[in-house]
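Asker: Next up is a structure, given as structure tokens.
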Amino acid sequence: MLFTDRADAGQRLAVALRHLEADDPVVLGLPRGGVPVAYEVARTLGAPLDVVVVRKLGVPYHRELGFGAIGEGGARVISDDIVRRSGVGPDEAAEVERTEKAELDRRARRFRGDRPRLALRGRTVVVVDDGIATGATASAACEVVRAQGAARVVLAVPVAAPDAVARLSSQADDVVCLSVPAMFRAVGEWYENFTQTSDEEVVALLARAGGPTAPRRRAGEAAEEVEVDADGVRLTGDLALPEGDGGVVVFAHGSGSGRRSPRNRQVATALNRAGFGTLLLDLLTPAEEAHRANVFDIDTLAGRLADTTRWLRTRTSTPLGYFVASTGA
């Protein structure tokens with residue numbers, strides 16, 4: 001499986017994680033490359049996005065060998081067995097931890113700014129990276145997230161080495177990986193575009209996602225039932241105004257469909273999550289819908305859509321667009 005870039009990988013990974021949507025999860029990206037992937041996952045699941053900043057505590061004379069890991073909020077995981085076998089003394093361990101703690105704090109401030117770290121206690125947490133080679137960082141992240149009180153830890157990546165997946169399966173409650181190629185050498189070979197993710201891109205994506213304290217918009221939660229006056233006829237609709245200036249999309253349903261249509265509501269929910277407002281409206285009253293000829297009365301439908309547009313202009317100054325199908329078009 002070859003991915004175009006991290007955004008493409010995140011979109012495909014999100015499909016495999018849709019079953020978690022009902023769990024009200026938190027999505028954490030591993031800086032830096034994991035954050036663009038995590039952004040797409042969080043957007044699809046309607047979940048808050050944050051980073052999980054961890055630092056491996058390496059044995060002084062063999063930095064690749066970690067005797068533990070630390071994370072924000074005082075999370076600390078130590079392998080007593082590795083400490084004992086490597087001969088790391090208390091003073092050496094303390095010095096390594098001081099150094100890594102300073103770097104951890106610096107990176108957290110850089111990525112998150114003044115926003116508070118998202119609380120994980122009792123939550124389902126999805127830890128996302130752009131791929132896994134050795135699994136050392138992902139392993140540390142899972143341990144740190146669990147130490148911060150996560151009820152369930154799901155590790156999700158687009159691609160990983162087979163042996164890494166096997167090892168990490170015992171550390172996460174679930175591992176979701178789209179591709180586990182037998183001939184694995186490096187994460188980057190499975191991407192057409194694997195340019196380095198910058199600190200600035202991480203900061204921008206977190207800001208675009210609304211930060212870790214942004215409220216989650218559930219399907220239908222932000223919508224209010226409204227009545228639109230269309231030349232004396234009261235039409236019922238569901239209006240969700242955008243929190244920013246993303247604009248409002250008006251749905252003009254086709255024949256045989258309406259504002260309660262699961263397909264239309266699914267599209268509206270996706271638009272809401274992307275920052276757009278939506279108006280799902282029935283252009284005919286229930287009594288009018290009983291007469292089949294009304295469904296194809298394009299002049300009447302067009303007039304009511306025009307009246308709806310004028311009504312909506314009194315509620316918002318953001319740009320307007322239309323999502324249309326069949327007779328709605």
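Identifiers for the structure tokens are assigned positionally: chains receive A, B, ... in sequence, residues are indexed from 1 per chain, and ligands are indexed from 1 in the order shown.
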With a distance cut-off of 10 Å and only C-alpha atoms, select the neighbouring residues of Asp23 of chain A, excluding the residue or stretch itself and same-chain residues fewer than 5 positions from it, and output the selection as a PDB file with N, CA, C and O atoms, in the first residue's frame.

Answerer:
```
ATOM      1  N   LEU A  45     -13.368  11.586  12.891  1.00  0.00           N
ATOM      2  CA  LEU A  45     -14.047  11.060  14.074  1.00  0.00           C
ATOM      3  C   LEU A  45     -14.758  12.147  14.875  1.00  0.00           C
ATOM      4  O   LEU A  45     -15.486  11.844  15.824  1.00  0.00           O
ATOM      5  N   ALA A  47     -13.243  14.217  16.799  1.00  0.00           N
ATOM      6  CA  ALA A  47     -12.585  14.115  18.103  1.00  0.00           C
ATOM      7  C   ALA A  47     -11.615  15.272  18.315  1.00  0.00           C
ATOM      8  O   ALA A  47     -11.089  15.841  17.353  1.00  0.00           O
ATOM      9  N   ARG A 123     -10.554   8.084  29.334  1.00  0.00           N
ATOM     10  CA  ARG A 123     -10.924   8.238  27.919  1.00  0.00           C
ATOM     11  C   ARG A 123     -10.309   7.138  27.060  1.00  0.00           C
ATOM     12  O   ARG A 123      -9.314   6.511  27.417  1.00  0.00           O
ATOM     13  N   THR A 124     -10.935   6.928  25.912  1.00  0.00           N
ATOM     14  CA  THR A 124     -10.324   6.127  24.857  1.00  0.00           C
ATOM     15  C   THR A 124      -9.385   7.050  24.089  1.00  0.00           C
ATOM     16  O   THR A 124      -9.805   8.101  23.590  1.00  0.00           O
ATOM     17  N   VAL A 125      -8.110   6.679  24.010  1.00  0.00           N
ATOM     18  CA  VAL A 125      -7.100   7.534  23.398  1.00  0.00           C
ATOM     19  C   VAL A 125      -6.512   6.830  22.178  1.00  0.00           C
ATOM     20  O   VAL A 125      -6.064   5.679  22.266  1.00  0.00           O
TER      21      VAL A 125
END
```

Asker: Based on the backbone DSSP call, show me all residues of segment 45-226 of chain A assigned helix (DSSP H, G or I), as a count of residues only.

Answerer: 67

Asker: Neighbours of segment 294-309 of chain A within 12 Å (only C-alpha atoms; same-chain residues fewer than 3 positions away dropped), as JSON, numbers by chain?

Answerer: {"A": [226, 227, 228, 229, 230, 231, 232, 233, 234, 235, 236, 237, 239, 248, 249, 250, 251, 252, 253, 254, 255, 256, 257, 258, 279, 280, 281, 282, 283, 284, 285, 286, 287, 288, 289, 290, 291, 312, 313, 314, 315, 316, 317, 319, 320, 321, 322, 323, 324, 326, 327, 328, 329]}

Asker: Write out as a ChimeraX atom specification which residues come within 7 Å of Val127 of chain A when counting only C-alpha atoms, dropping same-chain ones fewer than 5 positions away.

Answerer: /A:27-29,154-156

Asker: Choose the residue, out of A:Arg18, A:Arg84, A:Arg76, A:Arg32, that has the smallest atom-to-atom separation from Phe111 of chain A; count only C-alpha atoms.

Answerer: A:Arg32

Asker: So, counting only C-alpha atoms, which residue among A:Gly113, A:Pro262, A:Gly10, A:Pro25 is closest to Glu200 of chain A?

Answerer: A:Gly113

Asker: Hey, which of A:Ala94, A:Ala166, A:Ala151, A:Leu178 ends up closest to Val59 of chain A? Count only C-alpha atoms.

Answerer: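 Checking each candidate against Val59 of chain A, we get A:Ala94 as the closest.
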
Asker: Atom CA of Ala69 of chain A and atom CA of Val159 of chain A, how far apart in Å?

Answerer: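 One can read the atom CA of Val159 of chain A to atom CA of Ala69 of chain A distance as 23.5 Å.
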
Asker: Determine which residues of segment 153-268 of chain A DSSP labels as strand (DSSP E) from the backbone of this structure, then write them out as an MDAnalysis selection string.

Answerer: chainID A and resid 153:159 174:179 224:230 233:240 248:252

Asker: Select from segment 178-209 of chain A every residue with an atom at most 12 Å from any atom of segment 114-120 of chain A, then for each give the shortest pair of atoms and their distance in Å to one decimal, using only C-alpha atoms, rows by chain and rising number, as a Markdown table.

Answerer:
```
| residue | atom | partner | partner_atom | distance |
| --- | --- | --- | --- | --- |
| A:Val203 | CA | A:Arg115 | CA | 11.4 |
| A:Leu206 | CA | A:Arg115 | CA | 10.2 |
| A:Ala207 | CA | A:Arg115 | CA | 10.0 |
```

Asker: Between A:Thr134, A:Val128, A:Ala42, A:Ala7, which residue has the minimum interatomic distance to Leu65 of chain A, considering only C-alpha atoms?

Answerer: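 The shortest atom-to-atom distance to Leu65 of chain A comes from A:Thr134.
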
Asker: Counting only C-alpha atoms, figure out which residue out of A:Pro31, A:Lys101, A:Arg63, A:Phe194 gets nearest to Asp8 of chain A.

Answerer: A:Phe194

Asker: Expressed in Å to a single decimal, how great is the separation between atom CA of Gln171 of chain A and atom CA of Thr197 of chain A?

Answerer: 26.7 Å
